[in-house]
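Structure file input_21.tsv (TSV, C-alpha atoms) follows.
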chain	number	residue	atom	x	y	z
F	123	MET	CA	0.00	0.00	0.00
F	124	SER	CA	3.05	2.31	0.17
F	125	LEU	CA	2.19	3.41	-3.37
F	126	LEU	CA	-0.60	5.56	-1.98
F	127	PRO	CA	0.20	8.99	-0.52
F	128	PRO	CA	0.14	9.04	3.33
F	129	GLN	CA	-2.97	11.24	3.66
F	130	ILE	CA	-4.95	8.74	1.57
F	131	GLN	CA	-3.65	5.82	3.65
F	132	LYS	CA	-4.52	7.67	6.86
F	133	THR	CA	-8.10	8.38	5.71
F	134	ILE	CA	-8.58	4.73	4.68
F	135	GLU	CA	-7.25	3.59	8.05
F	136	GLU	CA	-9.55	5.92	10.02
F	137	PHE	CA	-12.63	4.96	7.97
F	138	SER	CA	-11.88	1.27	8.51
F	139	LYS	CA	-12.12	1.76	12.29
F	140	LEU	CA	-15.84	2.50	11.95
F	141	PRO	CA	-18.42	-0.26	12.52
F	142	GLY	CA	-19.50	-2.04	9.36
F	143	ILE	CA	-16.72	-0.47	7.26
F	144	GLY	CA	-13.98	-2.89	6.21
F	145	MET	CA	-10.76	-2.12	4.37
F	146	LYS	CA	-12.38	-2.34	0.92
F	147	SER	CA	-15.28	-0.04	1.83
F	148	ALA	CA	-12.85	2.41	3.44
F	149	GLU	CA	-10.82	2.54	0.20
F	150	ARG	CA	-13.97	3.05	-1.84
F	151	LEU	CA	-15.23	5.86	0.42
F	152	THR	CA	-11.87	7.63	0.36
F	153	PHE	CA	-11.57	7.59	-3.44
F	154	HIS	CA	-15.23	8.53	-3.78
F	155	LEU	CA	-14.59	11.65	-1.67
F	156	LEU	CA	-11.58	12.56	-3.82
F	157	ARG	CA	-13.69	12.65	-6.97
F	158	SER	CA	-17.30	13.24	-5.95
F	159	SER	CA	-19.09	16.45	-6.87
F	160	LYS	CA	-21.75	15.88	-4.18
F	161	ALA	CA	-19.68	15.03	-1.10
F	162	SER	CA	-16.40	16.75	-0.27
F	163	PRO	CA	-13.70	15.57	2.15
F	164	GLU	CA	-13.30	19.12	3.47
F	165	THR	CA	-17.00	19.50	4.38
F	166	LEU	CA	-17.18	16.11	6.09
F	167	GLY	CA	-13.82	16.81	7.76
F	168	LYS	CA	-15.09	20.13	9.11
F	169	ALA	CA	-18.32	18.56	10.38
F	170	LEU	CA	-16.34	15.86	12.21
F	171	ALA	CA	-13.88	18.36	13.68
F	172	ASP	CA	-16.84	20.37	15.05
F	173	LEU	CA	-18.76	17.31	16.26
F	174	ARG	CA	-17.71	17.47	19.89
F	175	THR	CA	-17.30	21.27	20.18
F	176	GLN	CA	-19.92	22.95	22.37
F	177	LEU	CA	-21.67	19.60	22.72
F	178	ASN	CA	-23.33	19.19	26.08
F	179	TYR	CA	-25.31	16.48	27.78
F	180	CYS	CA	-28.57	17.59	29.43
F	181	LYS	CA	-28.07	17.77	33.21
F	182	HIS	CA	-31.32	15.86	33.77
F	183	CYS	CA	-31.70	13.29	31.00
F	184	GLN	CA	-28.18	13.14	29.45
F	185	MET	CA	-29.54	13.83	25.94
F	186	VAL	CA	-27.11	15.56	23.55
F	187	THR	CA	-27.83	19.29	23.50
F	188	LEU	CA	-26.16	22.68	23.14
F	189	GLN	CA	-27.55	24.00	26.42
F	190	GLU	CA	-27.31	22.87	30.01
F	191	GLU	CA	-30.83	21.46	29.75
F	192	CYS	CA	-32.46	19.88	26.67
F	193	ALA	CA	-35.68	21.16	25.05
F	194	ILE	CA	-37.67	18.19	26.36
F	195	CYS	CA	-36.62	18.58	30.01
F	196	ALA	CA	-37.20	22.35	29.79
F	197	ASP	CA	-40.80	21.80	28.59
F	198	THR	CA	-43.03	22.16	31.69
F	199	SER	CA	-46.12	20.87	29.83
F	200	ARG	CA	-44.67	17.35	29.74
F	201	ASP	CA	-45.15	14.64	32.37
F	202	HIS	CA	-41.92	14.80	34.41
F	203	ALA	CA	-43.03	11.93	36.69
F	204	THR	CA	-42.72	9.35	33.90
F	205	ILE	CA	-39.17	8.59	32.73
F	206	LEU	CA	-38.53	6.46	29.64
F	207	VAL	CA	-35.01	4.98	29.82
F	208	VAL	CA	-33.32	4.52	26.42
F	209	GLU	CA	-29.93	3.33	25.18
F	210	ASN	CA	-29.00	6.28	22.95
F	211	PRO	CA	-30.10	9.71	21.69
F	212	LEU	CA	-31.56	8.29	18.45
F	213	ASP	CA	-34.05	6.29	20.52
F	214	VAL	CA	-35.31	9.58	21.98
F	215	ILE	CA	-36.03	10.83	18.48
F	216	ALA	CA	-37.86	7.60	17.63
F	217	PHE	CA	-40.09	7.89	20.73
F	218	GLU	CA	-40.72	11.59	20.06
F	219	ARG	CA	-42.10	10.63	16.64
F	220	SER	CA	-44.39	8.13	18.38
F	221	GLY	CA	-45.93	10.92	20.47
F	222	PHE	CA	-44.60	9.98	23.95
F	223	LYS	CA	-45.31	12.82	26.40
F	224	GLY	CA	-43.15	11.98	29.42
F	225	VAL	CA	-39.42	12.66	29.76
F	226	TYR	CA	-36.36	10.53	28.94
F	227	HIS	CA	-33.13	9.25	30.38
F	228	VAL	CA	-30.34	8.35	27.95
F	229	LEU	CA	-27.96	5.63	29.22
F	230	HIS	CA	-25.47	6.06	26.34
F	231	GLY	CA	-25.00	2.31	26.00
F	232	VAL	CA	-26.03	-0.98	27.61
F	233	LEU	CA	-24.33	-3.35	30.02
F	234	SER	CA	-21.94	-5.46	27.97
F	235	PRO	CA	-18.90	-6.82	29.83
F	236	ILE	CA	-17.39	-8.06	26.55
F	237	ASP	CA	-17.21	-4.48	25.26
F	238	GLY	CA	-16.01	-3.15	28.60
F	239	MET	CA	-19.39	-1.54	29.38
F	240	GLY	CA	-20.15	-1.87	33.10
F	241	PRO	CA	-22.61	0.19	35.21
F	242	GLU	CA	-20.00	2.98	35.67
F	243	GLN	CA	-19.69	3.46	31.90
F	244	LEU	CA	-23.43	4.12	31.59
F	245	LYS	CA	-25.41	7.11	32.87
F	246	LEU	CA	-26.96	4.89	35.54
F	247	ARG	CA	-25.79	6.82	38.61
F	248	GLU	CA	-27.53	9.91	37.18
F	249	LEU	CA	-30.75	7.91	36.72
F	250	ILE	CA	-30.68	6.58	40.28
F	251	GLU	CA	-30.07	10.11	41.66
F	252	ARG	CA	-32.98	11.46	39.59
F	253	CYS	CA	-35.29	8.77	40.97
F	254	LYS	CA	-34.18	9.24	44.59
F	255	LYS	CA	-35.61	12.80	44.58
F	256	GLY	CA	-38.98	11.03	45.00
F	257	GLU	CA	-40.90	12.83	42.26
F	258	VAL	CA	-40.78	9.96	39.78
F	259	LYS	CA	-43.91	7.76	39.57
F	260	GLU	CA	-42.94	5.42	36.74
F	261	VAL	CA	-39.75	4.33	35.01
F	262	ILE	CA	-40.32	2.64	31.63
F	263	VAL	CA	-37.24	0.67	30.62
F	264	ALA	CA	-36.94	0.88	26.82
F	265	THR	CA	-33.63	-0.84	26.15
F	266	ASN	CA	-33.55	-3.06	23.04
F	267	PRO	CA	-35.08	-6.55	23.36
F	268	ASP	CA	-31.71	-8.37	23.10
F	269	ILE	CA	-29.39	-10.02	25.65
F	270	GLU	CA	-27.60	-6.80	26.68
F	271	GLY	CA	-30.83	-4.82	26.74
F	272	GLU	CA	-32.58	-7.41	28.93
F	273	ALA	CA	-29.61	-7.60	31.33
F	274	THR	CA	-29.57	-3.80	31.60
F	275	ALA	CA	-33.34	-3.78	32.27
F	276	SER	CA	-32.98	-6.31	35.14
F	277	TYR	CA	-30.11	-4.31	36.60
F	278	ILE	CA	-32.16	-1.10	36.53
F	279	GLN	CA	-35.13	-2.89	38.08
F	280	ARG	CA	-32.97	-4.10	41.01
F	281	GLN	CA	-31.37	-0.70	41.53
F	282	LEU	CA	-34.60	1.31	41.45
F	283	SER	CA	-37.13	-1.02	43.09
F	284	ASP	CA	-37.03	0.91	46.42
F	285	ALA	CA	-37.04	4.39	44.90
F	286	VAL	CA	-39.78	4.20	42.25
F	287	PRO	CA	-43.39	2.99	42.71
F	288	SER	CA	-43.64	1.48	39.23
F	289	ILE	CA	-40.91	0.09	36.94
F	290	THR	CA	-42.16	-1.23	33.60
F	291	ARG	CA	-40.71	-2.69	30.41
F	292	LEU	CA	-41.91	-2.07	26.85
F	293	ALA	CA	-44.40	-4.65	25.55
F	294	HIS	CA	-43.00	-7.48	23.43
F	295	GLY	CA	-45.01	-8.90	20.55
F	296	LEU	CA	-45.53	-8.71	16.83
F	297	PRO	CA	-44.53	-5.41	15.18
F	298	MET	CA	-47.17	-3.72	12.99
F	299	GLY	CA	-47.13	-5.12	9.45
F	300	ALA	CA	-45.37	-8.33	10.52
F	301	ASP	CA	-46.02	-11.71	8.95
F	302	ILE	CA	-46.77	-14.37	11.59
F	303	GLU	CA	-45.36	-17.06	9.30
F	304	PHE	CA	-41.93	-15.46	9.52
F	305	ALA	CA	-42.00	-14.39	13.18
F	306	ASP	CA	-39.50	-16.10	15.49
F	307	GLN	CA	-40.72	-18.40	18.27
F	308	VAL	CA	-39.75	-16.14	21.18
F	309	THR	CA	-41.71	-13.22	19.71
F	310	LEU	CA	-44.77	-15.44	19.14
F	311	LYS	CA	-44.57	-16.80	22.70
F	312	GLU	CA	-44.36	-13.24	24.09
F	313	ALA	CA	-47.24	-12.15	21.84
F	314	VAL	CA	-49.47	-14.92	23.19
F	315	GLU	CA	-48.48	-14.28	26.81
F	316	GLY	CA	-49.08	-10.54	26.46
F	317	ARG	CA	-52.45	-10.90	24.66
F	318	ARG	CA	-55.08	-8.24	25.28
F	319	LYS	CA	-58.92	-8.33	25.38
F	320	LEU	CA	-60.58	-7.01	22.22
O	39	MET	CA	-34.65	15.73	13.85
O	40	SER	CA	-34.41	19.27	15.23
O	41	LEU	CA	-33.83	17.70	18.66
O	42	LEU	CA	-30.25	16.94	17.67
O	43	PRO	CA	-27.60	19.67	17.90
O	44	PRO	CA	-26.67	21.15	14.47
O	45	GLN	CA	-23.12	19.72	14.35
O	46	ILE	CA	-24.54	16.19	14.81
O	47	GLN	CA	-27.15	16.79	12.09
O	48	LYS	CA	-24.47	18.15	9.76
O	49	THR	CA	-22.22	15.11	10.29
O	50	ILE	CA	-25.13	12.71	9.68
O	51	GLU	CA	-26.04	14.61	6.51
O	52	GLU	CA	-22.47	14.53	5.16
O	53	PHE	CA	-22.02	10.82	5.94
O	54	SER	CA	-25.29	10.00	4.18
O	55	LYS	CA	-23.93	11.52	0.94
O	56	LEU	CA	-21.38	8.70	0.71
O	57	PRO	CA	-22.09	5.62	-1.44
O	58	GLY	CA	-23.66	2.73	0.47
O	59	ILE	CA	-24.36	4.85	3.56
O	60	GLY	CA	-28.03	5.60	4.15
O	61	MET	CA	-29.57	7.83	6.81
O	62	LYS	CA	-29.62	5.07	9.45
O	63	SER	CA	-25.97	4.08	8.89
O	64	ALA	CA	-24.96	7.75	8.94
O	65	GLU	CA	-26.67	8.18	12.33
O	66	ARG	CA	-24.99	5.07	13.67
O	67	LEU	CA	-21.53	6.15	12.47
O	68	THR	CA	-21.94	9.63	13.95
O	69	PHE	CA	-22.96	8.39	17.39
O	70	HIS	CA	-20.28	5.69	17.26
O	71	LEU	CA	-17.64	8.39	16.73
O	72	LEU	CA	-19.01	10.38	19.67
O	73	ARG	CA	-18.46	7.49	22.05
O	74	SER	CA	-15.80	5.22	20.57
O	75	SER	CA	-12.44	4.82	22.25
O	76	LYS	CA	-10.86	3.45	19.04
O	77	ALA	CA	-12.01	5.97	16.42
O	78	SER	CA	-12.23	9.69	17.07
O	79	PRO	CA	-14.12	12.31	15.04
O	80	GLU	CA	-11.16	14.71	15.32
O	81	THR	CA	-8.64	12.22	13.85
O	82	LEU	CA	-10.92	11.25	10.97
O	83	GLY	CA	-11.82	14.93	10.48
O	84	LYS	CA	-8.13	15.90	10.28
O	85	ALA	CA	-7.37	13.07	7.83
O	86	LEU	CA	-10.24	14.19	5.58
O	87	ALA	CA	-9.24	17.85	5.77
O	88	ASP	CA	-5.70	16.88	4.67
O	89	LEU	CA	-6.86	14.46	1.98
O	90	ARG	CA	-6.49	16.80	-0.97
O	91	THR	CA	-3.58	18.91	0.32
O	92	GLN	CA	-0.33	18.37	-1.56
O	93	LEU	CA	-2.00	15.62	-3.57
O	94	ASN	CA	-0.69	15.43	-7.12
O	95	TYR	CA	-1.44	13.30	-10.14
O	96	CYS	CA	1.60	11.82	-11.91
O	97	LYS	CA	2.28	13.80	-15.09
O	98	HIS	CA	2.62	10.55	-17.08
O	99	CYS	CA	0.15	8.01	-15.69
O	100	GLN	CA	-2.22	10.18	-13.55
O	101	MET	CA	-1.68	8.00	-10.46
O	102	VAL	CA	-2.13	9.79	-7.10
O	103	THR	CA	1.28	10.83	-5.78
O	104	LEU	CA	3.04	13.52	-3.75
O	105	GLN	CA	5.59	14.27	-6.48
O	106	GLU	CA	5.31	15.39	-10.09
O	107	GLU	CA	6.04	11.84	-11.21
O	108	CYS	CA	4.99	8.61	-9.43
O	109	ALA	CA	7.44	5.94	-8.20
O	110	ILE	CA	6.39	3.53	-10.97
O	111	CYS	CA	6.93	6.00	-13.84
O	112	ALA	CA	10.24	7.10	-12.32
O	113	ASP	CA	11.51	3.49	-12.27
O	114	THR	CA	13.69	3.06	-15.40
O	115	SER	CA	13.93	-0.72	-14.93
O	116	ARG	CA	10.27	-1.15	-15.89
O	117	ASP	CA	8.90	-1.69	-19.39
O	118	HIS	CA	7.71	1.77	-20.42
O	119	ALA	CA	6.51	0.53	-23.81
O	120	THR	CA	3.63	-1.46	-22.26
O	121	ILE	CA	0.82	0.59	-20.72
O	122	LEU	CA	-1.91	-1.03	-18.64
O	123	VAL	CA	-5.00	1.23	-18.60
O	124	VAL	CA	-7.04	1.04	-15.36
O	125	GLU	CA	-10.11	2.76	-13.95
O	126	ASN	CA	-8.73	3.95	-10.62
O	127	PRO	CA	-5.62	4.07	-8.37
O	128	LEU	CA	-6.67	0.99	-6.36
O	129	ASP	CA	-6.49	-1.08	-9.54
O	130	VAL	CA	-2.82	-0.07	-9.87
O	131	ILE	CA	-2.17	-1.48	-6.40
O	132	ALA	CA	-3.96	-4.72	-7.31
O	133	PHE	CA	-1.85	-5.17	-10.46
O	134	GLU	CA	1.36	-4.30	-8.58
O	135	ARG	CA	0.60	-7.19	-6.20
O	136	SER	CA	0.21	-9.46	-9.23
O	137	GLY	CA	3.75	-8.64	-10.35
O	138	PHE	CA	3.04	-6.61	-13.54
O	139	LYS	CA	6.26	-4.98	-14.78
O	140	GLY	CA	5.03	-2.42	-17.32
O	141	VAL	CA	3.61	1.03	-16.55
O	142	TYR	CA	0.04	2.24	-15.96
O	143	HIS	CA	-2.46	4.84	-17.02
O	144	VAL	CA	-5.24	5.73	-14.58
O	145	LEU	CA	-8.46	6.95	-16.25
O	146	HIS	CA	-10.09	8.03	-12.95
O	147	GLY	CA	-13.45	6.62	-13.99
O	148	VAL	CA	-15.19	4.96	-16.94
O	149	LEU	CA	-17.53	6.23	-19.65
O	150	SER	CA	-20.97	6.42	-18.07
O	151	PRO	CA	-23.32	9.00	-19.61
O	152	ILE	CA	-25.89	8.39	-16.84
O	153	ASP	CA	-23.37	9.62	-14.22
O	154	GLY	CA	-22.23	12.50	-16.43
O	155	MET	CA	-18.92	10.77	-17.25
O	156	GLY	CA	-17.96	11.48	-20.87
O	157	PRO	CA	-14.52	11.22	-22.53
O	158	GLU	CA	-13.57	14.74	-21.29
O	159	GLN	CA	-14.16	13.72	-17.64
O	160	LEU	CA	-11.64	10.87	-17.94
O	161	LYS	CA	-7.86	11.11	-18.36
O	162	LEU	CA	-8.25	9.91	-21.97
O	163	ARG	CA	-6.66	12.90	-23.71
O	164	GLU	CA	-3.52	12.32	-21.63
O	165	LEU	CA	-3.46	8.64	-22.69
O	166	ILE	CA	-3.81	9.52	-26.38
O	167	GLU	CA	-1.00	12.09	-26.10
O	168	ARG	CA	1.26	9.53	-24.37
O	169	CYS	CA	0.64	7.04	-27.17
O	170	LYS	CA	1.19	9.55	-29.98
O	171	LYS	CA	4.83	9.96	-28.93
O	172	GLY	CA	5.35	6.64	-30.73
O	173	GLU	CA	7.25	4.81	-27.98
O	174	VAL	CA	4.33	2.65	-26.84
O	175	LYS	CA	4.22	-0.89	-28.23
O	176	GLU	CA	1.18	-2.26	-26.38
O	177	VAL	CA	-1.82	-0.86	-24.54
O	178	ILE	CA	-3.60	-3.40	-22.30
O	179	VAL	CA	-7.10	-2.18	-21.47
O	180	ALA	CA	-7.91	-3.34	-17.92
O	181	THR	CA	-11.26	-1.68	-17.27
O	182	ASN	CA	-13.76	-3.82	-15.33
O	183	PRO	CA	-15.68	-6.48	-17.30
O	184	ASP	CA	-19.04	-4.66	-17.05
O	185	ILE	CA	-21.10	-2.52	-19.45
O	186	GLU	CA	-19.26	0.75	-18.74
O	187	GLY	CA	-15.87	-0.96	-18.72
O	188	GLU	CA	-16.53	-2.66	-22.07
O	189	ALA	CA	-17.80	0.60	-23.62
O	190	THR	CA	-14.69	2.41	-22.40
O	191	ALA	CA	-12.47	-0.34	-23.80
O	192	SER	CA	-14.09	-0.06	-27.27
O	193	TYR	CA	-13.75	3.73	-27.18
O	194	ILE	CA	-10.03	3.47	-26.32
O	195	GLN	CA	-9.53	0.88	-29.07
O	196	ARG	CA	-11.05	3.24	-31.68
O	197	GLN	CA	-9.06	6.25	-30.48
O	198	LEU	CA	-5.68	4.50	-30.34
O	199	SER	CA	-5.85	2.08	-33.30
O	200	ASP	CA	-3.62	4.32	-35.47
O	201	ALA	CA	-1.11	5.26	-32.76
O	202	VAL	CA	-0.34	1.91	-31.09
O	203	PRO	CA	0.76	-1.35	-32.77
O	204	SER	CA	-1.08	-3.58	-30.30
O	205	ILE	CA	-4.19	-2.91	-28.19
O	206	THR	CA	-5.29	-5.82	-25.98
O	207	ARG	CA	-7.95	-6.55	-23.36
O	208	LEU	CA	-7.55	-8.65	-20.20
O	209	ALA	CA	-8.55	-12.32	-20.58
O	210	HIS	CA	-12.06	-13.25	-19.48
O	211	GLY	CA	-12.70	-16.64	-17.91
O	212	LEU	CA	-13.05	-18.44	-14.63
O	213	PRO	CA	-11.31	-16.82	-11.65
O	214	MET	CA	-8.94	-19.04	-9.64
O	215	GLY	CA	-10.85	-21.06	-7.03
O	216	ALA	CA	-14.18	-20.65	-8.82
O	217	ASP	CA	-16.86	-23.34	-8.87
O	218	ILE	CA	-18.02	-24.07	-12.44
O	219	GLU	CA	-21.46	-25.05	-11.14
O	220	PHE	CA	-22.05	-21.49	-9.94
O	221	ALA	CA	-20.36	-19.61	-12.79
O	222	ASP	CA	-22.62	-17.44	-14.97
O	223	GLN	CA	-23.23	-18.35	-18.62
O	224	VAL	CA	-21.31	-15.41	-20.13
O	225	THR	CA	-18.20	-16.26	-18.10
O	226	LEU	CA	-18.39	-19.93	-19.14
O	227	LYS	CA	-18.86	-18.96	-22.81
O	228	GLU	CA	-15.80	-16.67	-22.62
O	229	ALA	CA	-13.80	-19.37	-20.81
O	230	VAL	CA	-14.49	-21.85	-23.63
O	231	GLU	CA	-13.76	-19.33	-26.38
O	232	GLY	CA	-10.49	-18.27	-24.74
O	233	ARG	CA	-9.30	-21.84	-24.03
O	234	ARG	CA	-5.54	-22.48	-24.15
O	235	LYS	CA	-3.44	-25.51	-25.13
O	236	LEU	CA	-2.13	-27.53	-22.18
Take the structure in the file and write it out as structure tokens.
Amino acid sequence: MSLLPPQIQKTIEEFSKLPGIGMKSAERLTFHLLRSSKASPETLGKALADLRTQLNYCKHCQMVTLQEECAICADTSRDHATILVVENPLDVIAFERSGFKGVYHVLHGVLSPIDGMGPEQLKLRELIERCKKGEVKEVIVATNPDIEGEATASYIQRQLSDAVPSITRLAHGLPMGADIEFADQVTLKEAVEGRRKL
Amino acid sequence: MSLLPPQIQKTIEEFSKLPGIGMKSAERLTFHLLRSSKASPETLGKALADLRTQLNYCKHCQMVTLQEECAICADTSRDHATILVVENPLDVIAFERSGFKGVYHVLHGVLSPIDGMGPEQLKLRELIERCKKGEVKEVIVATNPDIEGEATASYIQRQLSDAVPSITRLAHGLPMGADIEFADQVTLKEAVEGRRKL
């Protein structure tokens, strides 16, 4: 690879550190940026250099924001006694689209010993402190329905059981538009167990 | 999406302009960079900002280089009468690994009217000028075996037929390690037509 100028090699190397981008994709992205009329390496470079500048985490919910407090936590018309706990900021945006009217808490990850993510790496201490103030009526744990997400949900349940009257988990079942024929057995079992009266 | 700070939105937008990266992947990459211990937005940002600085194209073969002339063209021990024409700089690296001892010409693309790539957008004029000096004995056209690559090869053949004694195309056939059962019909037809004496 020494035939390529060092700045090209460096860009390929940095791209290949990203999830889902192997060496070949990194090469393709780098040469695309060199030639493309739509994307430019300078614009993307500038955006990345600015990414962490002025970036704050909301003092209540840990959502990314430019202020000390995010727009959701600052909104007094929302239900501040119901906290929906999510893994990352994109989950907040997904729930906002769904019309949720409580507030959030962003963990910035899930428990995953294999990736070096223990309770101290997550924003769990902040969640426990928020709940200990005694104003929280319900904590809805909305981590993903996978091994790490389930482990994190149990951990939160154990930590908060004394401080919060109600700790709930999102319903499991068939997603809208799903085809029962292709649904996995665990989802079908959960869908039957969680059935509701019509 | 207005819940996300502008620098995050900008980074997502710029990532999503890259080939093979949709909105969801762009979001995932951006938040990965915010948290990752391995990759950092500043390092990738710096690499991208530097990508085009001091970057030159070899005055003979148009390969990316830091000098006026690339290491391959400057090497007098190579066969400068045989030019292998490729689509992009990564192809040069692939052929170098294969042990090719002639020189190259990088087109920086292929003819593709749908993407706005005509003969003037490629480094074709430079190839024709190189060949008109009369020192070139063979031009091997090594564009990819697809529609655009074949069209570009025919175009080059027509343009150079008077200037170069021999214009050839890479052999088509089965790649090493292939399984005949799964080979497509065009490849098998070409493999039979191009058969060689044992």
Nearest residue to Glu248 (chain F) from the set F:Leu206, F:Lys181, F:Gln129, F:Val308 (distances using only C-alpha atoms):
F:Lys181
Tell me the residues of chain F close to chain O, meaning within 8 Å using all atoms listed in the file, as an mmCIF file with C-alpha atoms, in the coordinates of the input.
data_model
loop_
_atom_site.group_PDB
_atom_site.id
_atom_site.type_symbol
_atom_site.label_atom_id
_atom_site.label_comp_id
_atom_site.auth_asym_id
_atom_site.auth_seq_id
_atom_site.Cartn_x
_atom_site.Cartn_y
_atom_site.Cartn_z
ATOM 1 C CA MET F 123 0.000 0.000 0.000
ATOM 2 C CA LEU F 125 2.190 3.410 -3.370
ATOM 3 C CA LEU F 126 -0.600 5.560 -1.980
ATOM 4 C CA PRO F 127 0.200 8.990 -0.520
ATOM 5 C CA GLN F 129 -2.970 11.240 3.660
ATOM 6 C CA ILE F 130 -4.950 8.740 1.570
ATOM 7 C CA LYS F 132 -4.520 7.670 6.860
ATOM 8 C CA THR F 133 -8.100 8.380 5.710
ATOM 9 C CA GLU F 136 -9.550 5.920 10.020
ATOM 10 C CA PHE F 137 -12.630 4.960 7.970
ATOM 11 C CA LYS F 139 -12.120 1.760 12.290
ATOM 12 C CA LEU F 140 -15.840 2.500 11.950
ATOM 13 C CA PRO F 141 -18.420 -0.260 12.520
ATOM 14 C CA GLU F 149 -10.820 2.540 0.200
ATOM 15 C CA LEU F 151 -15.230 5.860 0.420
ATOM 16 C CA HIS F 154 -15.230 8.530 -3.780
ATOM 17 C CA LEU F 155 -14.590 11.650 -1.670
ATOM 18 C CA LEU F 156 -11.580 12.560 -3.820
ATOM 19 C CA LYS F 160 -21.750 15.880 -4.180
ATOM 20 C CA ALA F 161 -19.680 15.030 -1.100
ATOM 21 C CA PRO F 163 -13.700 15.570 2.150
ATOM 22 C CA GLU F 164 -13.300 19.120 3.470
ATOM 23 C CA THR F 165 -17.000 19.500 4.380
ATOM 24 C CA LEU F 166 -17.180 16.110 6.090
ATOM 25 C CA GLY F 167 -13.820 16.810 7.760
ATOM 26 C CA LYS F 168 -15.090 20.130 9.110
ATOM 27 C CA ALA F 169 -18.320 18.560 10.380
ATOM 28 C CA LEU F 170 -16.340 15.860 12.210
ATOM 29 C CA ALA F 171 -13.880 18.360 13.680
ATOM 30 C CA ASP F 172 -16.840 20.370 15.050
ATOM 31 C CA LEU F 173 -18.760 17.310 16.260
ATOM 32 C CA ARG F 174 -17.710 17.470 19.890
ATOM 33 C CA LEU F 177 -21.670 19.600 22.720
ATOM 34 C CA VAL F 186 -27.110 15.560 23.550
ATOM 35 C CA THR F 187 -27.830 19.290 23.500
ATOM 36 C CA LEU F 188 -26.160 22.680 23.140
ATOM 37 C CA ALA F 193 -35.680 21.160 25.050
ATOM 38 C CA LEU F 212 -31.560 8.290 18.450
ATOM 39 C CA ILE F 215 -36.030 10.830 18.480
#
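CA of Glu176 (chain O) lies 15.9 Å from CA of His98 (chain O).
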Could you tell me how far CA of Glu257 (chain F) lies from CA of Gly240 (chain F), in Å and to one decimal?
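A separation of 27.0 Å between them.
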For a test of reading the model, state the distance in Å between CA of Lys171 (chain O) and CA of Ala119 (chain O), rounded to one decimal.
10.9 Å
What's the 12 Å shell around Ser234 (chain F), counting only C-alpha atoms, without same-chain residues fewer than 4 positions away, as a VMD selection string?
chain F and resid 238 to 244 268 to 274 277
Point out the residue among F:Leu320, F:Ile278, F:Val228, F:Ala148 with the least atom-to-atom distance to Thr290 (chain F), counting only C-alpha atoms.
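Under the stated criterion, the closest residue is F:Ile278.
Excluding Asp284 (chain F) itself and any same-chain residue fewer than 3 positions from it, the protein and nucleic acid residues within 12 Å of it, counting only C-alpha atoms, are F:Ile250, F:Cys253, F:Lys254, F:Gly256, F:Val258, F:Lys259, F:Ile278, F:Gln279, F:Arg280, F:Gln281, F:Pro287, F:Ser288, F:Ile289.
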